[in-house]
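Raw contents of entry-v4.cif, mmCIF, C-alpha atoms:
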data_work
loop_
_atom_site.label_atom_id
_atom_site.label_comp_id
_atom_site.auth_asym_id
_atom_site.auth_seq_id
_atom_site.Cartn_x
_atom_site.Cartn_y
_atom_site.Cartn_z
CA MET A 4 86.68 89.66 81.90
CA ILE A 5 88.98 92.23 83.46
CA ASN A 6 91.09 91.20 86.44
CA SER A 7 89.89 93.62 89.14
CA HIS A 8 91.86 94.50 92.27
CA TYR A 9 89.73 95.24 95.32
CA ILE A 10 92.94 96.54 96.90
CA PRO A 11 94.28 98.94 94.25
CA ARG A 12 97.49 97.91 92.53
CA LEU A 13 98.90 101.40 93.13
CA ILE A 14 98.76 100.62 96.87
CA LEU A 15 100.04 97.05 96.55
CA LYS A 16 103.17 98.31 94.78
CA LYS A 17 104.04 100.27 97.92
CA PHE A 18 104.09 97.04 99.97
CA SER A 19 105.87 94.82 97.43
CA ASP A 20 109.55 94.13 96.86
CA ASP A 21 111.57 95.58 93.97
CA LYS A 22 110.29 92.87 91.60
CA GLU A 23 106.65 93.61 92.50
CA HIS A 24 106.23 90.42 94.52
CA LEU A 25 104.30 89.99 97.75
CA ILE A 26 104.18 87.20 100.29
CA TYR A 27 100.48 86.31 100.18
CA ALA A 28 99.15 84.57 103.28
CA ASP A 29 95.89 82.65 102.82
CA LEU A 30 94.31 82.63 106.29
CA ILE A 31 91.62 80.09 105.38
CA HIS A 32 93.79 77.43 103.73
CA GLN A 33 96.77 78.39 105.92
CA LYS A 34 99.48 78.69 103.31
CA CYS A 35 102.02 81.28 102.25
CA GLU A 36 103.29 81.84 98.74
CA ILE A 37 105.16 84.48 96.79
CA ARG A 38 102.95 86.06 94.14
CA ARG A 39 103.11 88.81 91.58
CA LEU A 40 100.78 91.73 92.14
CA GLU A 41 98.42 90.62 89.36
CA SER A 42 97.18 87.69 91.43
CA VAL A 43 96.79 89.22 94.91
CA PHE A 44 93.64 90.84 96.31
CA SER A 45 92.02 90.45 92.90
CA LYS A 46 89.43 88.48 90.96
CA LYS A 47 88.36 88.38 87.33
CA GLY A 48 85.04 90.12 86.80
CA TYR A 49 84.93 91.43 90.36
CA TYR A 50 83.64 94.76 89.04
CA SER A 51 81.81 95.59 85.85
CA ASP A 52 83.98 96.99 83.06
CA ASP A 53 82.31 100.39 83.50
CA LEU A 54 83.06 100.60 87.21
CA GLU A 55 86.62 99.39 86.69
CA HIS A 56 87.13 102.20 84.17
CA ASP A 57 85.53 104.79 86.45
CA LEU A 58 87.64 103.74 89.45
CA SER A 59 90.82 104.10 87.42
CA LYS A 60 89.92 107.39 85.76
CA SER A 61 88.03 109.17 88.56
CA ILE A 62 90.10 108.32 91.62
CA GLU A 63 93.07 105.95 91.26
CA SER A 64 95.15 107.86 88.69
CA ARG A 65 94.67 111.13 90.57
CA PHE A 66 95.44 109.62 93.96
CA ALA A 67 98.54 107.85 92.61
CA GLN A 68 100.00 111.26 91.76
CA LEU A 69 99.20 112.60 95.24
CA LEU A 70 100.68 109.50 96.85
CA ASN A 71 103.89 109.48 94.83
CA ASP A 72 104.55 113.21 94.60
CA ASN A 73 103.46 114.29 98.07
CA LEU A 74 102.55 111.74 100.73
CA LEU A 75 105.52 109.43 100.22
CA LYS A 76 108.05 112.17 99.47
CA SER A 77 107.22 114.36 102.46
CA LYS A 78 109.55 114.04 105.43
CA ASP A 79 108.39 115.33 108.80
CA GLN A 80 105.34 117.20 107.52
CA ILE A 81 102.64 116.55 104.94
CA ILE A 82 100.95 119.63 103.47
CA LEU A 83 97.64 119.21 101.67
CA SER A 84 95.44 121.67 99.87
CA ARG A 85 91.70 121.53 100.47
CA GLU A 86 91.28 119.69 97.15
CA GLU A 87 94.04 117.20 97.99
CA LEU A 88 92.51 116.49 101.39
CA PHE A 89 89.17 115.73 99.79
CA LEU A 90 90.88 113.47 97.24
CA LEU A 91 92.54 111.57 100.09
CA LYS A 92 89.27 111.20 101.98
CA LYS A 93 87.41 110.10 98.86
CA PHE A 94 90.08 107.49 98.09
CA LEU A 95 89.97 106.14 101.65
CA LEU A 96 86.17 106.04 101.58
CA ILE A 97 86.12 104.11 98.31
CA GLY A 98 88.87 101.87 99.68
CA SER A 99 86.77 100.96 102.71
CA LEU A 100 83.79 100.09 100.49
CA ARG A 101 85.23 98.51 97.35
CA LYS A 102 85.42 94.94 98.66
CA SER A 103 82.14 93.05 98.32
CA PHE A 104 82.09 90.80 101.36
CA THR A 105 80.47 87.37 101.24
CA ARG A 106 77.96 86.61 103.94
CA ASP A 107 80.46 84.34 105.71
CA GLU A 108 83.10 87.08 105.60
CA ILE A 109 80.73 89.63 107.11
CA GLU A 110 79.73 87.26 109.89
CA THR A 111 83.37 86.40 110.58
CA ARG A 112 84.30 90.07 110.56
CA ASN A 113 81.41 91.17 112.81
CA GLY A 114 81.32 88.08 115.00
CA SER A 115 77.54 87.75 114.58
CA ALA A 116 74.93 86.51 112.13
CA VAL A 117 73.79 88.74 109.28
CA ASP A 118 70.16 89.12 108.29
CA GLU A 119 69.64 87.65 104.81
CA PHE A 120 67.54 90.61 103.63
CA VAL A 121 70.20 93.10 104.76
CA TYR A 122 72.93 91.11 103.03
CA GLU A 123 71.04 90.81 99.73
CA ARG A 124 70.24 94.52 99.83
CA ASN A 125 73.89 95.46 100.32
CA ILE A 126 74.95 93.26 97.40
CA LYS A 127 72.33 94.95 95.23
CA PHE A 128 73.69 98.40 96.02
CA PHE A 129 77.39 97.44 95.98
CA GLU A 130 78.33 98.96 92.61
CA SER A 131 75.71 101.69 92.53
CA ARG A 132 76.85 103.24 95.80
CA MET A 133 80.48 103.39 94.63
CA ASP A 134 79.33 104.92 91.36
CA GLU A 135 77.43 107.63 93.25
CA ILE A 136 80.41 108.37 95.50
CA LEU A 137 82.73 108.68 92.50
CA LYS A 138 80.44 111.39 91.15
CA CYS A 139 80.77 113.50 94.32
CA ASN A 140 83.34 116.29 94.05
CA THR A 141 83.08 117.86 97.52
CA SER A 142 82.48 116.77 101.10
CA GLU A 143 79.18 118.63 100.96
CA GLU A 144 78.05 116.47 98.03
CA LEU A 145 79.03 113.32 99.91
CA LEU A 146 77.00 114.42 102.93
CA LYS A 147 74.03 115.27 100.74
CA PHE A 148 74.25 111.79 99.24
CA CYS A 149 74.48 110.45 102.80
CA ASP A 150 71.29 112.35 103.78
CA THR A 151 69.46 110.96 100.75
CA LYS A 152 70.33 107.39 101.70
CA CYS A 153 69.35 108.12 105.30
CA GLU A 154 65.92 109.28 104.15
CA GLU A 155 65.55 106.08 102.14
CA MET A 156 66.53 104.11 105.27
CA ILE A 157 68.97 101.87 103.42
CA ASP A 158 72.60 100.86 103.75
CA ASN A 159 73.55 101.97 107.26
CA GLY A 160 77.06 100.69 106.64
CA LEU A 161 77.48 103.25 103.89
CA LEU A 162 76.20 106.05 106.12
CA ARG A 163 78.71 105.14 108.84
CA ALA A 164 81.55 104.93 106.31
CA ILE A 165 80.80 108.39 104.92
CA LYS A 166 80.51 109.98 108.36
CA ARG A 167 83.70 108.44 109.73
CA ILE A 168 85.73 109.70 106.75
CA VAL A 169 84.11 113.09 106.03
CA TYR A 170 83.82 114.22 109.65
CA GLY A 171 86.99 112.47 110.78
CA TYR A 172 90.32 114.25 110.85
CA MET A 173 93.48 112.75 109.39
CA SER A 174 96.60 111.69 111.24
CA PHE A 175 99.67 110.27 109.49
CA VAL A 176 101.91 107.61 111.06
CA SER A 177 105.29 106.33 109.89
CA THR A 178 107.40 103.27 110.68
CA GLU A 179 110.60 104.53 109.09
CA THR A 180 112.28 104.94 112.48
CA CYS A 181 111.16 101.77 114.29
CA GLY A 182 111.91 99.47 111.33
CA GLU A 183 108.74 97.36 111.39
CA ASN A 184 106.91 97.26 108.06
CA LEU A 185 103.17 97.72 107.86
CA ILE A 186 100.95 94.84 106.69
CA ILE A 187 98.15 95.09 104.11
CA SER A 188 94.95 93.01 104.23
CA ASP A 189 91.95 92.23 102.02
CA CYS A 190 89.84 94.69 104.05
CA ALA A 191 92.11 97.69 103.26
CA CYS A 192 91.69 99.12 106.76
CA GLY A 193 91.21 98.35 110.43
CA TYR A 194 88.61 99.70 112.85
CA TRP A 195 89.05 100.53 116.54
CA TYR A 196 86.04 100.67 118.83
CA GLY A 197 87.92 101.00 122.11
CA GLU A 198 85.47 101.01 125.00
CA GLY A 199 82.55 100.59 122.62
CA PRO A 200 80.31 102.93 120.64
CA PHE A 201 78.56 104.29 123.72
CA ALA A 202 81.81 105.56 125.24
CA LYS A 203 81.84 108.51 122.85
CA LEU A 204 78.23 109.30 123.72
CA ASP A 205 79.26 109.41 127.39
CA LEU A 206 82.04 111.86 126.50
CA ILE A 207 79.53 114.07 124.69
CA PHE A 208 76.81 114.04 127.35
CA ASN A 209 79.29 114.54 130.20
CA SER A 210 81.13 117.36 128.46
CA LYS A 211 80.68 121.04 129.22
CA SER A 212 81.99 121.96 125.79
CA PRO A 213 79.59 124.13 123.75
CA TYR A 214 80.53 122.03 120.71
CA ALA A 215 79.60 118.68 122.24
CA ILE A 216 75.94 118.40 121.27
CA CYS A 217 76.82 119.24 117.64
CA PHE A 218 78.57 115.89 117.28
CA LEU A 219 75.57 113.68 117.94
CA ASP A 220 74.80 113.38 114.22
CA LYS A 221 78.45 113.29 113.17
CA ILE A 222 79.93 110.41 115.14
CA ASP A 223 80.43 106.84 114.00
CA PRO A 224 80.70 103.87 116.40
CA ALA A 225 84.40 103.52 115.57
CA ASP A 226 86.88 105.75 117.39
CA TYR A 227 88.98 105.75 114.25
CA VAL A 228 89.67 103.78 111.10
CA TYR A 229 93.25 103.01 110.12
CA PHE A 230 94.52 102.65 106.53
CA PRO A 231 98.02 101.38 105.70
CA ILE A 232 98.97 102.98 102.36
CA SER A 233 102.58 101.82 102.11
CA LYS A 234 104.89 99.57 104.10
CA TYR A 235 106.09 102.71 105.92
CA LEU A 236 103.06 105.03 105.97
CA GLY A 237 99.57 104.79 107.44
CA VAL A 238 96.62 107.18 107.77
CA LEU A 239 94.05 107.40 110.55
CA ALA A 240 90.61 108.98 110.16
CA ILE A 241 89.87 109.90 113.79
CA SER A 242 86.49 110.76 115.29
CA PRO A 243 86.25 114.57 115.64
CA ILE A 244 85.40 114.32 119.33
CA PHE A 245 89.09 113.65 120.02
CA ARG A 246 90.19 116.99 118.58
CA LYS A 247 91.76 119.06 121.33
CA GLU A 248 90.11 122.34 120.34
CA TYR A 249 86.58 120.99 120.92
CA GLY A 250 87.33 120.28 124.57
CA ILE A 251 85.38 117.00 124.73
CA PHE A 252 88.25 114.55 125.17
CA ASP A 253 91.09 115.61 127.47
CA VAL A 254 94.15 113.55 126.61
CA LYS A 255 96.03 115.09 129.56
CA LYS A 256 93.88 113.03 131.93
CA TYR A 257 95.27 109.80 130.48
CA SER A 258 98.53 108.09 131.37
CA LYS A 259 100.27 106.17 128.59
CA SER A 260 98.67 102.95 129.80
CA GLY A 261 95.28 104.65 130.12
CA LEU A 262 95.51 106.05 126.59
CA GLU A 263 96.54 102.63 125.30
CA LYS A 264 93.50 101.04 126.94
CA ARG A 265 91.20 103.69 125.47
CA LEU A 266 92.63 103.98 121.95
CA GLY A 267 94.98 101.04 121.47
CA PHE A 268 98.12 103.17 121.10
CA ASP A 269 100.00 105.10 123.80
CA ASP A 270 101.25 108.14 121.87
CA LYS A 271 99.09 111.25 122.30
CA HIS A 272 100.72 112.87 119.25
CA LEU A 273 98.59 110.65 117.02
CA LEU A 274 95.59 112.74 118.11
CA ASN A 275 97.09 116.03 116.94
CA ALA A 276 94.91 117.90 114.43
CA PRO A 277 96.55 119.68 111.49
CA ALA A 278 97.54 123.31 111.48
CA VAL A 279 95.21 125.13 109.08
CA THR A 280 95.79 128.27 107.02
CA PHE A 281 92.88 130.25 105.60
CA LEU A 282 92.30 132.22 102.42
CA GLY A 283 92.72 135.99 102.68
CA ALA A 284 92.95 138.29 105.67
CA GLY A 285 90.27 137.22 108.11
CA GLY A 286 89.25 134.49 105.67
CA ARG A 287 87.18 131.52 106.82
CA THR A 288 87.81 129.10 103.95
CA PRO A 289 90.56 126.56 104.75
CA ASN A 290 93.42 126.70 102.27
CA LYS A 291 96.25 124.45 103.51
CA TYR A 292 96.39 121.63 106.05
CA VAL A 293 99.77 120.94 107.64
CA TYR A 294 100.17 117.52 109.24
CA THR A 295 103.12 116.39 111.34
CA LYS A 296 103.90 112.72 110.80
CA THR A 297 104.11 110.66 113.98
CA GLN A 298 106.98 108.21 114.03
CA LEU A 299 105.61 105.06 115.63
CA SER A 300 107.39 103.18 118.35
CA LEU A 301 107.83 99.46 117.65
CA LYS A 302 105.06 98.76 120.15
CA ASN A 303 102.58 101.02 118.35
CA ALA A 304 103.60 99.74 114.90
CA ILE A 305 102.88 96.20 116.11
CA PHE A 306 99.51 97.37 117.43
CA PHE A 307 98.44 98.77 114.05
CA ASN A 308 99.57 95.61 112.27
CA ILE A 309 97.57 93.52 114.73
CA LEU A 310 94.56 95.74 114.03
CA THR A 311 95.00 95.09 110.30
CA MET A 312 95.31 91.33 110.77
CA GLN A 313 92.37 91.14 113.16
CA THR A 314 90.11 93.01 110.72
CA SER A 315 91.17 90.90 107.72
CA CYS A 316 88.89 88.20 106.31
CA LYS A 317 90.94 85.82 104.19
CA PHE A 318 94.27 87.33 103.16
CA ILE A 319 97.15 89.45 104.40
CA ALA A 320 100.33 90.37 102.54
CA PHE A 321 103.83 91.74 103.10
CA SER A 322 107.15 91.64 101.26
CA ASN A 323 109.66 90.77 103.97
CA TYR A 324 108.83 88.41 106.84
CA GLU A 325 111.71 89.62 109.01
CA LYS A 326 110.26 93.14 108.82
CA VAL A 327 106.84 92.00 110.13
CA LYS A 328 107.98 89.09 112.30
CA SER A 329 107.47 90.95 115.59
CA SER A 330 103.89 91.82 114.63
CA ILE A 331 102.95 88.29 113.57
CA GLU A 332 104.56 86.72 116.63
CA SER A 333 102.74 89.20 118.88
CA TYR A 334 99.44 88.37 117.18
CA ILE A 335 100.04 84.64 117.71
CA LYS A 336 100.77 85.19 121.42
CA ASN A 337 97.63 87.25 121.99
CA GLN A 338 94.62 85.42 123.36
CA GLY A 339 91.24 85.57 121.62
CA MET A 340 92.47 86.43 118.12
CA LYS A 341 90.12 85.32 115.33
CA HIS A 342 92.86 83.92 113.04
CA ASP A 343 95.46 81.22 113.66
CA LEU A 344 98.60 82.69 112.12
CA SER A 345 101.03 80.11 113.46
CA PHE A 346 101.28 78.68 109.92
CA ILE A 347 103.08 81.86 108.80
CA ALA A 348 105.73 81.59 111.51
CA ASN A 349 106.11 77.85 110.82
CA HIS A 350 106.48 78.48 107.08
CA PHE A 351 109.43 80.81 107.55
CA ARG A 352 110.92 78.81 110.40
CA HIS A 353 111.37 75.85 108.05
CA GLU A 354 112.66 77.78 105.06
#
For this file, write the structure as structure tokens.
Amino acid sequence: MINSHYIPRLILKKFSDDKEHLIYADLIHQKCEIRRLESVFSKKGYYSDDLEHDLSKSIESRFAQLLNDNLLKSKDQIILSREELFLLKKFLLIGSLRKSFTRDEIETRNGSAVDEFVYERNIKFFESRMDEILKCNTSEELLKFCDTKCEEMIDNGLLRAIKRIVYGYMSFVSTETCGENLIISDCACGYWYGEGPFAKLDLIFNSKSPYAICFLDKIDPADYVYFPISKYLGVLAISPIFRKEYGIFDVKKYSKSGLEKRLGFDDKHLLNAPAVTFLGAGGRTPNKYVYTKTQLSLKNAIFFNILTMQTSCKFIAFSNYEKVKSSIESYIKNQGMKHDLSFIANHFRHE
């Protein structure tokens, strides 16, 4: 059986040290150990051989080139073509779906019991839904696939995942300035619900924007989903209602503390949409998307790491404890966290 990574090795390499080692923290058995990439976020026979091949050929090899030649080399700005943006969104979508959660993991993650029928159904469609997504070559095809599943009334989690990525807009964040490394977890991403799923509905129904009503079938309960893709770079897929040009959410009304309460971070620049160029004079087809990377303050870097750790099920990983120490200590000090991470601090305190 093939050893399958549910967090792609191409991503793990961007969090590891020069010898491709990671500090792997087992949150269930409460132990830390240094491991090579082969044995982290992986399991033999996790995917069928066919799906493993398709993941590598259809998405991972192509995204690795985009990651290495563009995303990680870009300095203040990241420029993506329409095709590259779709590749990024498709990779993030697959990343959010490629871990098959056990029933206990789902209940731990959601904080509530899971219906047995719903769980068995999701397991049944686990590989088939990824196979169908891999076959989609445009956002329109993904949405058509989404509509088909909606008509069949199955897999609401998949519908939400597609909507939050396809309709969401990207924002890139960096920790190169603040010095805190980003942490990776077995869930690949972290979700932020802020004031709850109905808060966005309130924004829509109370808005005078002519665009507002159009978002009723486009929004997902999450305000955004956050993906760390290297120890220095993260990507947010943000609900479109926060885009300035739609006039639904007015960031100017929020102080830094108010914005932090609403979205978890206190930097309004994270909400900036890309500058877009179009094909031809008077053209309407987007051609290039220009993103300005937001350099995170230490406070905001710690917030995103806490979001990662809080969303994780069983494992988190990093390469240098001193570079994530502030995040882990902050998590330990917070009340109501679902994991006890004191074992990590104790492990390095006694080394």
Might you spell out which residues the PyMOL selection byres ((chain A and resi 215) around 12) would select in the displayed file, as a PyMOL selection string? chain A and resi 203-214+216-222+243-246+248-252
On this structure, which residues satisfy the PyMOL selection byres ((chain A and resi 12-15) around 9), written as an NGL selection string? :A and (8-11 or 16-19 or 23 or 25 or 40-41 or 43-44 or 63-64 or 66-67 or 187 or 231-233 or 320)
Could you list, as a list of chain:residue names, every residue matched by the PyMOL selection byres ((chain A and resi 239) around 6) in this structure? A:Met173, A:Ser174, A:Val228, A:Tyr229, A:Val238, A:Ala240, A:Ile241
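Each of A:Glu263, A:Glu179, A:Asp269, A:Asp253 was checked against A:Tyr235 using all atoms listed in the file; the smallest atom-to-atom distance is that of A:Glu179.
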If we count all atoms listed in the file and set the cut-off at 12 Å, which residues sit around A:Glu135, ignoring sequence neighbours fewer than 6 positions away in its own chain? Please answer as an NGL selection string. :A and (54 or 57-58 or 61 or 93 or 97 or 128-129 or 144-149 or 151-152 or 161)
Given the selection you just returned, output its residues as a file containing C-alpha atoms, formatted as a CSV table (one decimal), in the coordinates of the input.
chain,number,residue,atom,x,y,z
A,54,LEU,CA,83.1,100.6,87.2
A,57,ASP,CA,85.5,104.8,86.4
A,58,LEU,CA,87.6,103.7,89.4
A,61,SER,CA,88.0,109.2,88.6
A,93,LYS,CA,87.4,110.1,98.9
A,97,ILE,CA,86.1,104.1,98.3
A,128,PHE,CA,73.7,98.4,96.0
A,129,PHE,CA,77.4,97.4,96.0
A,144,GLU,CA,78.0,116.5,98.0
A,145,LEU,CA,79.0,113.3,99.9
A,146,LEU,CA,77.0,114.4,102.9
A,147,LYS,CA,74.0,115.3,100.7
A,148,PHE,CA,74.2,111.8,99.2
A,149,CYS,CA,74.5,110.4,102.8
A,151,THR,CA,69.5,111.0,100.8
A,152,LYS,CA,70.3,107.4,101.7
A,161,LEU,CA,77.5,103.2,103.9
Between A:Asn275, A:Ser142, A:Ser131, A:Asn308, which has the minimum distance to A:Arg101 (counting only C-alpha atoms)? A:Ser131
Could you pull the residues within 12 Å of A:Leu74, counting only C-alpha atoms, minus those fewer than 5 positions along the same chain, as an MDAnalysis selection string? chainID A and resid 17 66:69 79:83 87:88 91 175:177 232:233 235:238 293:296
Counting all atoms listed in the file, what is within 10 Å of A:Ser42, bar same-chain residues fewer than 4 positions away, as a PDB file with C-alpha atoms, keeping the file's coordinate frame?
ATOM      1  CA  ASN A   6      91.090  91.200  86.440  1.00  0.00           C
ATOM      2  CA  SER A   7      89.890  93.620  89.140  1.00  0.00           C
ATOM      3  CA  HIS A   8      91.860  94.500  92.270  1.00  0.00           C
ATOM      4  CA  HIS A  24     106.230  90.420  94.520  1.00  0.00           C
ATOM      5  CA  LEU A  25     104.300  89.990  97.750  1.00  0.00           C
ATOM      6  CA  TYR A  27     100.480  86.310 100.180  1.00  0.00           C
ATOM      7  CA  ARG A  38     102.950  86.060  94.140  1.00  0.00           C
ATOM      8  CA  LYS A  46      89.430  88.480  90.960  1.00  0.00           C
ATOM      9  CA  LYS A  47      88.360  88.380  87.330  1.00  0.00           C
TER      10      LYS A  47
END
Could you check the closest approach to A:Tyr170 for each of A:Asn337, A:Ser330, A:Ser188, A:Ser242 and tell me which residue wins, using only C-alpha atoms? A:Ser242
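Nearest-residue note for A:Thr180: choosing from A:Leu162, A:Met340, A:Ala202, A:Ala304, the minimum distance belongs to A:Ala304, counting only C-alpha atoms.
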Residue with the minimum atom-to-atom distance to A:Lys166, picked from A:Asp134, A:Asp189, A:Asp21, A:Asp223 with only C-alpha atoms counted, is A:Asp223
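Atom CA of A:Gly197 sits 11.7 Å away from atom CA of A:Leu310.
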Between A:Ile305, A:Leu185, A:Ala225, A:Leu100, which residue has the minimum interatomic distance to A:Phe201, considering all atoms listed in the file? A:Ala225
To one decimal place, how far is atom CA of A:Asp29 from atom CA of A:Lys328 in Å? 16.7 Å
Write out as a PDB file with C-alpha atoms, in the coordinates of the input the residues lying within 10 Å of A:His32, counting all atoms listed in the file and excluding same-chain residues fewer than 2 positions away.
ATOM      1  CA  ALA A  28      99.150  84.570 103.280  1.00  0.00           C
ATOM      2  CA  ASP A  29      95.890  82.650 102.820  1.00  0.00           C
ATOM      3  CA  LEU A  30      94.310  82.630 106.290  1.00  0.00           C
ATOM      4  CA  LYS A  34      99.480  78.690 103.310  1.00  0.00           C
ATOM      5  CA  CYS A  35     102.020  81.280 102.250  1.00  0.00           C
ATOM      6  CA  LYS A 317      90.940  85.820 104.190  1.00  0.00           C
ATOM      7  CA  PHE A 318      94.270  87.330 103.160  1.00  0.00           C
ATOM      8  CA  PHE A 346     101.280  78.680 109.920  1.00  0.00           C
TER       9      PHE A 346
END
Need the shell around A:Lys341: protein/DNA/RNA residues with any atom at most 8 Å away, counting all atoms listed in the file. Skip same-chain ones fewer than 2 positions apart. Format as number ranges by chain? A: 313, 339, 343
Box along x, y and z, 4 Å on every side, all listed atoms of stretch 189-200 of chain A inside: centre and edge lengths in Å to one decimal, as lines of an AutoDock Vina configuration file.
center_x = 86.2
center_y = 97.6
center_z = 113.5
size_x = 19.8
size_y = 18.7
size_z = 31.0
